[in-house]
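Working notes, beginning with the structure itself.
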Amino acid sequence: MCGVFGIIYAQDTNELGNTLIKGSRKLVYRGYDSAGFAAFQDKGSTLLRKGPGMLEEIIRKENISEFTGSRGIVQLRWATFGEPNLENSQPHYDSDKDIIGAHNGNIVNTEQLIEEFTQEGMTVRGTNDGEMVVHAYEKFYNQLHDPKQAMMKAQTILQGDYAFICGNVNQHQLLAVKMGSSLYMGVGDTFIVCSSDLGSILQFTRNIVFLKDGDLVLYNDSEYHIFDIHTGKEIQRPVEECTINIEEANLVGFDHYMMKEIHEQPKKVQELHDLLENTQSNMDDCIDLINQADHVYLVASGTSYHAAVVGAYYLNHLAGIHAVPVLAGYFNEYYNVSPTAKDVIFCVSQSGETKDVINVINPILHNTSAKIISMVNVIGSSITQKSEIVINVAAGLETSVPATKSYMNQLFAFLYLATYAGSKKKLDKAQEIHNQLSQIPNLLQETIDQVKEEAKEIADLLVQRGSDLYCLGYGIQYGTALEGALKIKEVYYKHCEGMYSSEFKHGPLSIVDEGYPILFPASPADDHMVISHINEIRVRKGNVIVISPQYHGYMKAASRIVAVPDSDHYFIPLTTVIVLQLIAYYASIQAGLNPDFPRNISKTLTVD
Ligand code: BG6
């Protein structure tokens with residue numbers, strides 16, 4: 001999704017262009033199809049260069065490094081309202097070009113505003129919703145001549161979620177608003193900066209103000225004032241030192257962030273285990289809420305949903321908790337019997353900004369007293385601010401759009417939670433597994449070392465055949481199959497359907513012809529059903545590639561077995577997903593694609 005970044009210095013500086021470039025490069029991973037840079041200069045002039053296309057090309061073509069000024073805004077746009085062209089690129093001027101602003105978000109009444117502002121005589125240049133935020137501010141600034149009052153009125157006619165930054169040419173300050181989309185503020189020695197993305201600020205300062213929805217900020221180079229956008233009252237928010245290690249954002253010898261982050265998994269699980277061991281009171285609170293609940297819904301999208309599917313298996317089997325995974329996008333349609341105070345909505349989201357999940361939370365917060373728990377990778381994100389309890393998966397900055405280490409840490413967090421909850425109920429298996437969790441980092445490292453070459457061979461085989469494929473999973477491995485299929489779709493662009501293996505014979509089996517590839521992550525504990533499902537395919541000459549600990553039953557049935565190290569049944573989702581991550585990565589490279597920034601998709605989707 002889009003990203004916006006706005007910085008202010010005491011006076012004009014030749015460094016402004018380079019600073020905006022650095023800020024913009026940290027927004028790339030969020031996905032974009034156009035970019036724009038704006039500068040305000042002390043003598044009241046402005047610069048605005050923008051357009052569709054790749055960021056580095058725009059930087060070069062528009063000589064952004066030569067931008068000078070005391071204030072600057074950069075925005076990377078991922079098109080939702082309005083096609084990716086010059087007029088719809090952000091930032092935007094107001095009608096008479098003395099205001100410049102940009103947003104990240106989703107103004108759902110854009111069409112209506114275009115009509116209204118056009119009828120009111122404003123110069124509406126495109127169909128992008130970000131431009132409507134600028135005109136809404138312009139409308140009331142021209143009436144009230146006061147930035148804070150103007151923004152307070154503007155938000156009353158804007159429907160949807162957004163984060164907005166703008167400036168007036170004749171006032172040495174910037175205005176920023178957080179209304180449902182991520183926005184952080186960094187307080188430096190000679191500047192203050194607001195941005196959608198924490199990482200883009202941390203390269204300049206670690207002094208962070210975690211803004212909250214409804215915050216309206218007026219800031220210059222040395223001071224800031226935060227107001228409640230509804231009441232106008234000033235709010236105090238502390239400056240906190242943020243210690244995330246931004247070194248992680250470098251490639252450190254890998255060709256792509258995706259490969260780097262796959263290799264980081266053992267270390268990140270280790271760090272998470274240490275964190276959870278030291279914050280068990282948070283887990284105690286979480287378990288208390290869950291144990292009292294009539295219903296526990298695990299609500300998520302994309303990869304996080306797949307983690308929720310595995311997490312539901314863990315909670316059911318290890319803690320006797322009937323947790324139900326639900327896709328965020330259809331929760332309100334299929335679970336519209338309002339949750340009660342005795343229900344828990346357990347949100348799983350790497351970014352903590354996914355709109356589909358926020359669309360579940362908001363009505364519940366407004367209409368019910370159900371409890372919200374969230375499991376996220378970005379503390380301070382919108383979803384965490386709406387949660388009673390937050391579990392931090394602590395995977396560090398995940399730059400590659402396809403989730404890998406954040407998924408692994410979500411799985412580990414669920415395994416820790418389930419075995420801890422089961423231990424408190426004196427369930428033997430839970431206690432046994434909980435005591436073995438410290439072995440997982442080494443198990444993951446052993447897996448990476450053991451399967452890397454074979455994963456590459458499988459990828460070559462898939463690319464040579466060039467067809468679509470299926471990824472099947474049974475029991476504990478259903479979430480793994482869904483996640484493996486998504487990785488392949490995301491970075492290799494071939495269709496791969498993830499499916500519960502017992503369903504495959506109910507129709508999809510017809511797709512199998514000689515050599516048709518089927519990936520089958522499996523646990524030996526499920527051999528009875530898995531062998532039956534493999535045979536249904538093998539007798540029709542399908543090519544079944546099982547991913548599992550070495551197991552004679554699978555050796556005989558499958559065309560091939562990619563063996564992961566032996567481990568307990570409950571650890572197999574963690575080891576086998578590494579094989580699927582690597583297969584997807586190598587297939588992407590073999591196909592000449594870029595696994596880090598796949599076309600069309602984005603790391604953080606704050607749109608409906
Ligand atoms: C998609 C990402 O936009 O959002 C996926 O491309 C991700 O990788 C999904 O799994 C859900 O995002 P989040 O932040 O809620 O886990």
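Labeling convention for the structure tokens: chains A, B, ... as they appear, residues from 1 per chain, ligands from 1 in order of appearance.
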Nearby residues (only C-alpha atoms) at most 12 Å from Asp449 (chain A), same-chain spacing under 6 positions excluded, as an mmCIF file with N, CA, C and O atoms, in the first residue's frame:
```
data_model
loop_
_atom_site.group_PDB
_atom_site.id
_atom_site.type_symbol
_atom_site.label_atom_id
_atom_site.label_comp_id
_atom_site.auth_asym_id
_atom_site.auth_seq_id
_atom_site.Cartn_x
_atom_site.Cartn_y
_atom_site.Cartn_z
ATOM 1 N N ILE A 262 14.414 -15.670 5.077
ATOM 2 C CA ILE A 262 14.271 -17.120 5.308
ATOM 3 C C ILE A 262 15.394 -17.596 6.228
ATOM 4 O O ILE A 262 15.172 -18.335 7.184
ATOM 5 N N HIS A 263 16.600 -17.091 5.977
ATOM 6 C CA HIS A 263 17.760 -17.506 6.783
ATOM 7 C C HIS A 263 17.762 -16.896 8.181
ATOM 8 O O HIS A 263 18.429 -17.393 9.077
ATOM 9 N N PRO A 266 15.748 -18.945 12.135
ATOM 10 C CA PRO A 266 16.211 -19.552 13.401
ATOM 11 C C PRO A 266 16.513 -18.505 14.480
ATOM 12 O O PRO A 266 16.051 -18.625 15.618
ATOM 13 N N ASN A 442 17.531 -24.477 16.437
ATOM 14 C CA ASN A 442 18.518 -25.385 15.815
ATOM 15 C C ASN A 442 17.868 -26.292 14.778
ATOM 16 O O ASN A 442 18.433 -26.567 13.720
ATOM 17 N N LEU A 443 16.649 -26.726 15.083
ATOM 18 C CA LEU A 443 15.921 -27.580 14.135
ATOM 19 C C LEU A 443 15.697 -26.844 12.812
ATOM 20 O O LEU A 443 15.844 -27.410 11.725
ATOM 21 N N ALA A 455 15.458 -28.259 -2.600
ATOM 22 C CA ALA A 455 14.383 -27.305 -2.916
ATOM 23 C C ALA A 455 14.663 -26.653 -4.266
ATOM 24 O O ALA A 455 13.762 -26.443 -5.081
ATOM 25 N N ALA A 563 13.094 -34.741 2.394
ATOM 26 C CA ALA A 563 13.102 -35.071 3.828
ATOM 27 C C ALA A 563 13.576 -33.877 4.666
ATOM 28 O O ALA A 563 14.643 -33.305 4.406
ATOM 29 N N VAL A 564 12.777 -33.522 5.640
ATOM 30 C CA VAL A 564 13.200 -32.534 6.648
ATOM 31 C C VAL A 564 13.675 -33.331 7.858
ATOM 32 O O VAL A 564 13.371 -34.515 7.990
ATOM 33 N N PRO A 565 14.425 -32.699 8.743
ATOM 34 C CA PRO A 565 14.921 -33.440 9.917
ATOM 35 C C PRO A 565 13.777 -34.026 10.739
ATOM 36 O O PRO A 565 12.688 -33.455 10.784
ATOM 37 N N THR A 575 9.131 -26.835 10.035
ATOM 38 C CA THR A 575 10.246 -27.289 9.189
ATOM 39 C C THR A 575 9.827 -27.394 7.715
ATOM 40 O O THR A 575 10.545 -26.974 6.820
ATOM 41 N N ILE A 578 9.629 -24.262 5.395
ATOM 42 C CA ILE A 578 10.917 -23.743 4.893
ATOM 43 C C ILE A 578 11.184 -24.299 3.494
ATOM 44 O O ILE A 578 11.617 -23.578 2.592
ATOM 45 N N VAL A 579 10.863 -25.559 3.281
ATOM 46 C CA VAL A 579 11.067 -26.161 1.949
ATOM 47 C C VAL A 579 10.221 -25.433 0.915
ATOM 48 O O VAL A 579 10.686 -25.086 -0.175
ATOM 49 N N LEU A 582 11.558 -21.981 0.107
ATOM 50 C CA LEU A 582 12.738 -22.059 -0.759
ATOM 51 C C LEU A 582 12.365 -22.468 -2.189
ATOM 52 O O LEU A 582 12.890 -21.926 -3.161
#
```
Shell of 10 Å around region 415-425 of chain A, only C-alpha atoms, local chain residues under 6 positions omitted, as an MDAnalysis selection string: chainID A and resid 272:273 276:277 280 283:284 286:288 290:291 310:321 391 409 431:435 437 570:571
Take the residues from that selection and write them out as a tab-separated table (two decimals), in the first residue's frame, keeping N, CA, C and O atoms.
```tsv
chain	number	residue	atom	x	y	z
A	272	LEU	N	12.33	-14.56	19.79
A	272	LEU	CA	10.93	-14.56	20.22
A	272	LEU	C	10.74	-15.47	21.44
A	272	LEU	O	10.04	-15.11	22.40
A	273	HIS	N	11.39	-16.61	21.43
A	273	HIS	CA	11.28	-17.52	22.58
A	273	HIS	C	11.75	-16.81	23.85
A	273	HIS	O	11.07	-16.83	24.88
A	276	LEU	N	9.10	-14.23	24.87
A	276	LEU	CA	7.89	-14.82	25.46
A	276	LEU	C	8.16	-15.38	26.85
A	276	LEU	O	7.33	-15.27	27.75
A	277	GLU	N	9.36	-15.92	27.02
A	277	GLU	CA	9.72	-16.45	28.35
A	277	GLU	C	9.77	-15.31	29.38
A	277	GLU	O	9.47	-15.50	30.55
A	280	GLN	N	5.74	-13.65	30.30
A	280	GLN	CA	4.67	-14.66	30.46
A	280	GLN	C	3.41	-14.07	31.07
A	280	GLN	O	2.32	-14.56	30.84
A	283	MET	N	1.10	-13.45	28.40
A	283	MET	CA	0.49	-14.70	27.95
A	283	MET	C	-0.58	-15.16	28.95
A	283	MET	O	-1.64	-15.65	28.58
A	284	ASP	N	-0.29	-14.95	30.24
A	284	ASP	CA	-1.28	-15.34	31.27
A	284	ASP	C	-2.59	-14.58	31.04
A	284	ASP	O	-3.67	-15.17	31.08
A	286	CYS	N	-3.64	-13.28	28.30
A	286	CYS	CA	-4.23	-13.75	27.04
A	286	CYS	C	-4.97	-15.06	27.27
A	286	CYS	O	-6.12	-15.23	26.85
A	287	ILE	N	-4.35	-15.96	27.98
A	287	ILE	CA	-4.95	-17.28	28.24
A	287	ILE	C	-6.20	-17.15	29.12
A	287	ILE	O	-7.22	-17.81	28.87
A	288	ASP	N	-6.13	-16.24	30.09
A	288	ASP	CA	-7.32	-16.02	30.93
A	288	ASP	C	-8.51	-15.59	30.08
A	288	ASP	O	-9.61	-16.12	30.20
A	290	ILE	N	-8.99	-16.06	26.88
A	290	ILE	CA	-9.39	-17.14	25.96
A	290	ILE	C	-10.16	-18.22	26.71
A	290	ILE	O	-11.20	-18.70	26.26
A	291	ASN	N	-9.68	-18.57	27.90
A	291	ASN	CA	-10.35	-19.64	28.67
A	291	ASN	C	-11.76	-19.26	29.10
A	291	ASN	O	-12.62	-20.11	29.27
A	310	VAL	N	-2.96	-22.93	11.28
A	310	VAL	CA	-2.08	-23.82	12.06
A	310	VAL	C	-2.25	-23.53	13.55
A	310	VAL	O	-2.34	-24.45	14.38
A	311	GLY	N	-2.38	-22.25	13.88
A	311	GLY	CA	-2.56	-21.88	15.29
A	311	GLY	C	-3.82	-22.49	15.88
A	311	GLY	O	-3.83	-22.94	17.03
A	312	ALA	N	-4.89	-22.54	15.07
A	312	ALA	CA	-6.15	-23.14	15.55
A	312	ALA	C	-5.93	-24.63	15.84
A	312	ALA	O	-6.43	-25.16	16.84
A	313	TYR	N	-5.14	-25.30	14.99
A	313	TYR	CA	-4.84	-26.72	15.24
A	313	TYR	C	-4.10	-26.86	16.57
A	313	TYR	O	-4.47	-27.71	17.40
A	314	TYR	N	-3.11	-26.02	16.80
A	314	TYR	CA	-2.35	-26.08	18.05
A	314	TYR	C	-3.26	-25.86	19.26
A	314	TYR	O	-3.23	-26.60	20.23
A	315	LEU	N	-4.07	-24.83	19.19
A	315	LEU	CA	-4.92	-24.50	20.35
A	315	LEU	C	-5.93	-25.61	20.62
A	315	LEU	O	-6.20	-25.98	21.76
A	316	ASN	N	-6.49	-26.17	19.54
A	316	ASN	CA	-7.46	-27.26	19.72
A	316	ASN	C	-6.79	-28.51	20.29
A	316	ASN	O	-7.25	-29.10	21.24
A	317	HIS	N	-5.65	-28.90	19.70
A	317	HIS	CA	-5.04	-30.19	20.04
A	317	HIS	C	-4.19	-30.14	21.30
A	317	HIS	O	-4.06	-31.13	22.01
A	318	LEU	N	-3.58	-28.99	21.59
A	318	LEU	CA	-2.64	-28.94	22.72
A	318	LEU	C	-3.21	-28.26	23.95
A	318	LEU	O	-2.68	-28.43	25.04
A	319	ALA	N	-4.29	-27.47	23.75
A	319	ALA	CA	-4.81	-26.74	24.91
A	319	ALA	C	-6.31	-26.94	25.09
A	319	ALA	O	-6.90	-26.33	25.97
A	320	GLY	N	-6.91	-27.74	24.21
A	320	GLY	CA	-8.35	-27.98	24.33
A	320	GLY	C	-9.16	-26.70	24.17
A	320	GLY	O	-10.22	-26.53	24.76
A	321	ILE	N	-8.62	-25.77	23.37
A	321	ILE	CA	-9.33	-24.50	23.12
A	321	ILE	C	-9.90	-24.54	21.71
A	321	ILE	O	-9.16	-24.71	20.74
A	391	ILE	N	0.29	-9.56	21.37
A	391	ILE	CA	1.43	-10.48	21.35
A	391	ILE	C	2.35	-10.04	20.22
A	391	ILE	O	1.92	-9.98	19.06
A	409	ASN	N	7.42	-16.84	12.89
A	409	ASN	CA	7.28	-16.38	14.29
A	409	ASN	C	5.83	-16.40	14.75
A	409	ASN	O	5.54	-16.61	15.93
A	431	GLN	N	2.80	-29.97	27.96
A	431	GLN	CA	3.96	-29.75	28.82
A	431	GLN	C	5.23	-30.29	28.14
A	431	GLN	O	6.25	-29.62	28.09
A	432	GLU	N	5.09	-31.47	27.54
A	432	GLU	CA	6.26	-32.08	26.88
A	432	GLU	C	6.76	-31.18	25.74
A	432	GLU	O	7.94	-30.87	25.64
A	433	ILE	N	5.83	-30.72	24.92
A	433	ILE	CA	6.22	-29.88	23.78
A	433	ILE	C	6.77	-28.53	24.27
A	433	ILE	O	7.75	-28.02	23.76
A	434	HIS	N	6.11	-27.98	25.29
A	434	HIS	CA	6.56	-26.67	25.78
A	434	HIS	C	8.02	-26.73	26.23
A	434	HIS	O	8.79	-25.82	25.99
A	435	ASN	N	8.37	-27.86	26.82
A	435	ASN	CA	9.76	-28.01	27.30
A	435	ASN	C	10.76	-28.22	26.17
A	435	ASN	O	11.96	-28.15	26.37
A	437	LEU	N	10.53	-26.45	23.22
A	437	LEU	CA	10.50	-25.31	22.29
A	437	LEU	C	11.89	-24.72	22.04
A	437	LEU	O	12.18	-24.21	20.97
A	570	TYR	N	4.26	-31.84	16.08
A	570	TYR	CA	3.81	-30.45	16.19
A	570	TYR	C	4.82	-29.45	15.62
A	570	TYR	O	4.50	-28.30	15.39
A	571	PHE	N	6.07	-29.91	15.40
A	571	PHE	CA	7.09	-29.00	14.84
A	571	PHE	C	7.10	-29.05	13.32
A	571	PHE	O	7.74	-28.22	12.66
```
Report as JSON lines the residues of chain A within 9 Å of ligand 1, each with its shortest atom pair and distance in Å (one decimal), using only C-alpha atoms and all ligand atoms, ordered by chain and increasing residue number.
```
{"residue": "A:Met1", "atom": "CA", "partner": "ligand 1", "partner_atom_place_in_ligand_line": "3 (O)", "distance": 7.8}
{"residue": "A:Arg30", "atom": "CA", "partner": "ligand 1", "partner_atom_place_in_ligand_line": "3 (O)", "distance": 8.6}
{"residue": "A:Ala300", "atom": "CA", "partner": "ligand 1", "partner_atom_place_in_ligand_line": "15 (O)", "distance": 6.3}
{"residue": "A:Ser301", "atom": "CA", "partner": "ligand 1", "partner_atom_place_in_ligand_line": "11 (C)", "distance": 4.7}
{"residue": "A:Gly302", "atom": "CA", "partner": "ligand 1", "partner_atom_place_in_ligand_line": "10 (O)", "distance": 3.8}
{"residue": "A:Thr303", "atom": "CA", "partner": "ligand 1", "partner_atom_place_in_ligand_line": "10 (O)", "distance": 3.6}
{"residue": "A:Ser304", "atom": "CA", "partner": "ligand 1", "partner_atom_place_in_ligand_line": "16 (O)", "distance": 4.7}
{"residue": "A:Tyr305", "atom": "CA", "partner": "ligand 1", "partner_atom_place_in_ligand_line": "10 (O)", "distance": 7.4}
{"residue": "A:His306", "atom": "CA", "partner": "ligand 1", "partner_atom_place_in_ligand_line": "10 (O)", "distance": 8.5}
{"residue": "A:Cys347", "atom": "CA", "partner": "ligand 1", "partner_atom_place_in_ligand_line": "15 (O)", "distance": 8.6}
{"residue": "A:Val348", "atom": "CA", "partner": "ligand 1", "partner_atom_place_in_ligand_line": "15 (O)", "distance": 6.5}
{"residue": "A:Ser349", "atom": "CA", "partner": "ligand 1", "partner_atom_place_in_ligand_line": "15 (O)", "distance": 3.5}
{"residue": "A:Gln350", "atom": "CA", "partner": "ligand 1", "partner_atom_place_in_ligand_line": "16 (O)", "distance": 3.7}
{"residue": "A:Ser351", "atom": "CA", "partner": "ligand 1", "partner_atom_place_in_ligand_line": "14 (O)", "distance": 3.5}
{"residue": "A:Gly352", "atom": "CA", "partner": "ligand 1", "partner_atom_place_in_ligand_line": "14 (O)", "distance": 5.6}
{"residue": "A:Glu353", "atom": "CA", "partner": "ligand 1", "partner_atom_place_in_ligand_line": "14 (O)", "distance": 6.2}
{"residue": "A:Thr354", "atom": "CA", "partner": "ligand 1", "partner_atom_place_in_ligand_line": "15 (O)", "distance": 4.6}
{"residue": "A:Lys355", "atom": "CA", "partner": "ligand 1", "partner_atom_place_in_ligand_line": "15 (O)", "distance": 8.1}
{"residue": "A:Asp356", "atom": "CA", "partner": "ligand 1", "partner_atom_place_in_ligand_line": "15 (O)", "distance": 8.2}
{"residue": "A:Val357", "atom": "CA", "partner": "ligand 1", "partner_atom_place_in_ligand_line": "15 (O)", "distance": 7.1}
{"residue": "A:Val376", "atom": "CA", "partner": "ligand 1", "partner_atom_place_in_ligand_line": "16 (O)", "distance": 7.7}
{"residue": "A:Asn377", "atom": "CA", "partner": "ligand 1", "partner_atom_place_in_ligand_line": "14 (O)", "distance": 8.1}
{"residue": "A:Val378", "atom": "CA", "partner": "ligand 1", "partner_atom_place_in_ligand_line": "14 (O)", "distance": 8.9}
{"residue": "A:Ser400", "atom": "CA", "partner": "ligand 1", "partner_atom_place_in_ligand_line": "8 (O)", "distance": 8.7}
{"residue": "A:Val401", "atom": "CA", "partner": "ligand 1", "partner_atom_place_in_ligand_line": "6 (O)", "distance": 5.7}
{"residue": "A:Pro402", "atom": "CA", "partner": "ligand 1", "partner_atom_place_in_ligand_line": "8 (O)", "distance": 4.6}
{"residue": "A:Ala403", "atom": "CA", "partner": "ligand 1", "partner_atom_place_in_ligand_line": "8 (O)", "distance": 4.8}
{"residue": "A:Thr404", "atom": "CA", "partner": "ligand 1", "partner_atom_place_in_ligand_line": "8 (O)", "distance": 8.5}
{"residue": "A:Ser406", "atom": "CA", "partner": "ligand 1", "partner_atom_place_in_ligand_line": "16 (O)", "distance": 8.2}
{"residue": "A:Tyr407", "atom": "CA", "partner": "ligand 1", "partner_atom_place_in_ligand_line": "10 (O)", "distance": 8.2}
{"residue": "A:Leu486", "atom": "CA", "partner": "ligand 1", "partner_atom_place_in_ligand_line": "8 (O)", "distance": 8.8}
{"residue": "A:Lys487", "atom": "CA", "partner": "ligand 1", "partner_atom_place_in_ligand_line": "8 (O)", "distance": 8.7}
{"residue": "A:Glu490", "atom": "CA", "partner": "ligand 1", "partner_atom_place_in_ligand_line": "6 (O)", "distance": 7.9}
{"residue": "A:Pro598", "atom": "CA", "partner": "ligand 1", "partner_atom_place_in_ligand_line": "6 (O)", "distance": 9.0}
{"residue": "A:Ile601", "atom": "CA", "partner": "ligand 1", "partner_atom_place_in_ligand_line": "6 (O)", "distance": 5.6}
{"residue": "A:Ser602", "atom": "CA", "partner": "ligand 1", "partner_atom_place_in_ligand_line": "3 (O)", "distance": 4.8}
{"residue": "A:Lys603", "atom": "CA", "partner": "ligand 1", "partner_atom_place_in_ligand_line": "2 (C)", "distance": 4.5}
{"residue": "A:Thr604", "atom": "CA", "partner": "ligand 1", "partner_atom_place_in_ligand_line": "3 (O)", "distance": 4.9}
{"residue": "A:Leu605", "atom": "CA", "partner": "ligand 1", "partner_atom_place_in_ligand_line": "3 (O)", "distance": 4.8}
{"residue": "A:Thr606", "atom": "CA", "partner": "ligand 1", "partner_atom_place_in_ligand_line": "3 (O)", "distance": 8.5}
```
Among the residues A:Ser182, A:Ser89, A:Thr576, A:Gln143, the one that comes closest to Gly3 (chain A) [using only C-alpha atoms]: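 Of A:Ser182, A:Ser89, A:Thr576, A:Gln143, the one nearest Gly3 (chain A), counting only C-alpha atoms, is A:Ser182.
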Residue contacts of Gly167 (chain A) (7 Å, only C-alpha atoms) excluding same-chain residues fewer than 5 positions away, as a list in words: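 My reading of the contact set: Ile99, Ile100, Gly101, Gln173, Leu174 and Leu175 of chain A.
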Would you mind exporting the chosen residues as an mmCIF file, in the first residue's frame, restricted to N, CA and C atoms?
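Output file part_34.cif is given in full below:
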```cif
data_model
loop_
_atom_site.group_PDB
_atom_site.id
_atom_site.type_symbol
_atom_site.label_atom_id
_atom_site.label_comp_id
_atom_site.auth_asym_id
_atom_site.auth_seq_id
_atom_site.Cartn_x
_atom_site.Cartn_y
_atom_site.Cartn_z
ATOM 1 N N ILE A 99 -0.901 25.179 -1.342
ATOM 2 C CA ILE A 99 -0.928 24.058 -0.381
ATOM 3 C C ILE A 99 -0.479 22.813 -1.154
ATOM 4 N N ILE A 100 0.326 21.979 -0.501
ATOM 5 C CA ILE A 100 0.700 20.667 -1.085
ATOM 6 C C ILE A 100 0.452 19.613 -0.019
ATOM 7 N N GLY A 101 -0.185 18.502 -0.453
ATOM 8 C CA GLY A 101 -0.439 17.440 0.516
ATOM 9 C C GLY A 101 -0.450 16.072 -0.143
ATOM 10 N N GLN A 173 5.615 25.251 8.773
ATOM 11 C CA GLN A 173 5.273 24.053 9.554
ATOM 12 C C GLN A 173 4.651 23.028 8.620
ATOM 13 N N LEU A 174 4.513 21.811 9.110
ATOM 14 C CA LEU A 174 3.768 20.770 8.409
ATOM 15 C C LEU A 174 2.642 20.302 9.307
ATOM 16 N N LEU A 175 1.580 19.851 8.669
ATOM 17 C CA LEU A 175 0.433 19.295 9.407
ATOM 18 C C LEU A 175 0.338 17.812 9.075
#
```
Those in region 187-374 of chain A with strand (DSSP E or B) from DSSP, as a PyMOL selection string: chain A and resi 187+191-195+207-210+215-219+224-228+234-235+240-241+295-300+323-327+343-349+371-374
At a cut-off of 12 Å, can you tabulate as JSON lines every residue of region 385-478 of chain A near region 545-555 of chain A together with its closest atom pair and the distance in Å to one decimal, using only C-alpha atoms and ordering rows by chain then number?
```
{"residue": "A:Leu443", "atom": "CA", "partner": "A:Pro549", "partner_atom": "CA", "distance": 12.0}
{"residue": "A:Thr447", "atom": "CA", "partner": "A:Pro549", "partner_atom": "CA", "distance": 10.2}
{"residue": "A:Gln450", "atom": "CA", "partner": "A:Pro549", "partner_atom": "CA", "distance": 11.4}
{"residue": "A:Val451", "atom": "CA", "partner": "A:Ile547", "partner_atom": "CA", "distance": 10.0}
{"residue": "A:Glu454", "atom": "CA", "partner": "A:Ile547", "partner_atom": "CA", "distance": 10.8}
{"residue": "A:Ala455", "atom": "CA", "partner": "A:Ile547", "partner_atom": "CA", "distance": 10.1}
{"residue": "A:Glu457", "atom": "CA", "partner": "A:Ile545", "partner_atom": "CA", "distance": 11.7}
{"residue": "A:Ile458", "atom": "CA", "partner": "A:Ile545", "partner_atom": "CA", "distance": 8.6}
{"residue": "A:Ala459", "atom": "CA", "partner": "A:Ile545", "partner_atom": "CA", "distance": 11.5}
{"residue": "A:Leu461", "atom": "CA", "partner": "A:Ile545", "partner_atom": "CA", "distance": 11.0}
{"residue": "A:Leu462", "atom": "CA", "partner": "A:Ile545", "partner_atom": "CA", "distance": 11.0}
{"residue": "A:Leu469", "atom": "CA", "partner": "A:Ile545", "partner_atom": "CA", "distance": 11.2}
{"residue": "A:Tyr470", "atom": "CA", "partner": "A:Ile545", "partner_atom": "CA", "distance": 10.5}
{"residue": "A:Cys471", "atom": "CA", "partner": "A:Ile545", "partner_atom": "CA", "distance": 9.4}
{"residue": "A:Leu472", "atom": "CA", "partner": "A:Val546", "partner_atom": "CA", "distance": 9.4}
{"residue": "A:Gly473", "atom": "CA", "partner": "A:Val546", "partner_atom": "CA", "distance": 9.9}
{"residue": "A:Tyr474", "atom": "CA", "partner": "A:Val546", "partner_atom": "CA", "distance": 11.9}
{"residue": "A:Gln477", "atom": "CA", "partner": "A:Ser548", "partner_atom": "CA", "distance": 10.2}
```
A:Ser200, A:Ser70, A:Gln445, A:Ser24 ranked by distance to Glu264 (chain A), top pick (using only C-alpha atoms): A:Gln445
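Surrounding region 225-227 of chain A within 8 Å are Asp215, Leu216, Val217, Leu218, Tyr219, Lys233, Glu234, Ile235, Gln236 and Arg237 of chain A, with only C-alpha atoms counted and residues fewer than 6 positions along the same chain left out.
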Option closest in space to His569 (chain A), from A:Lys494, A:Lys153, A:Lys429, A:Arg465 [counting only C-alpha atoms]: A:Lys429
All alpha helix (DSSP H) positions in region 279-377 of chain A, as a PyMOL selection string: chain A and resi 280-292+302-319+328-334+355-367
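In this structure, CA of Asn543 (chain A) sits 4.8 Å away from CA of Pro517 (chain A).
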Shortest interatomic distance to Tyr586 (chain A) - which of A:Ile379, A:Asp285, A:Ile488, A:Cys242, counting only C-alpha atoms: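 Among the listed residues, A:Ile488 lies closest to Tyr586 (chain A).
Candidate residues A:Met122, A:Ile383, A:Leu158, A:Leu365 were compared for distance to Thr110 (chain A), and the nearest is A:Leu158, using only C-alpha atoms.
When the distance limit is 9 Å and only C-alpha atoms are what count, the residues near Ser196 (chain A), minus those fewer than 5 positions from it on the same chain, are Cys2, Gly3, Val4, Phe5, Leu27, Asn104, Ala163, Ser181, Ser182, Leu183, Tyr184 and Met185 of chain A.
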Would you mind exporting the chosen residues as an mmCIF file, in the first residue's frame, restricted to C-alpha atoms?
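Everything below was put into result_39.cif:
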```cif
data_model
loop_
_atom_site.group_PDB
_atom_site.id
_atom_site.type_symbol
_atom_site.label_atom_id
_atom_site.label_comp_id
_atom_site.auth_asym_id
_atom_site.auth_seq_id
_atom_site.Cartn_x
_atom_site.Cartn_y
_atom_site.Cartn_z
ATOM 1 C CA CYS A 2 1.016 3.660 -0.330
ATOM 2 C CA GLY A 3 3.408 5.464 1.959
ATOM 3 C CA VAL A 4 3.813 9.126 2.827
ATOM 4 C CA PHE A 5 6.827 10.868 4.414
ATOM 5 C CA LEU A 27 8.559 2.883 1.338
ATOM 6 C CA ASN A 104 -1.964 6.992 2.419
ATOM 7 C CA ALA A 163 -2.851 9.295 7.084
ATOM 8 C CA SER A 181 -3.700 4.322 8.504
ATOM 9 C CA SER A 182 -0.238 3.997 10.009
ATOM 10 C CA LEU A 183 1.674 7.181 10.875
ATOM 11 C CA TYR A 184 4.695 7.642 13.132
ATOM 12 C CA MET A 185 6.654 10.778 14.109
#
```
Proximity to Ser588 (chain A) - best of A:His295, A:Ala307, A:Gly82, A:Met258, only C-alpha atoms: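 Of all the options, A:Met258 lies closest to Ser588 (chain A).
Interatomic distance, CA of Leu574 (chain A) against CA of Asp468 (chain A): 24.7 Å.
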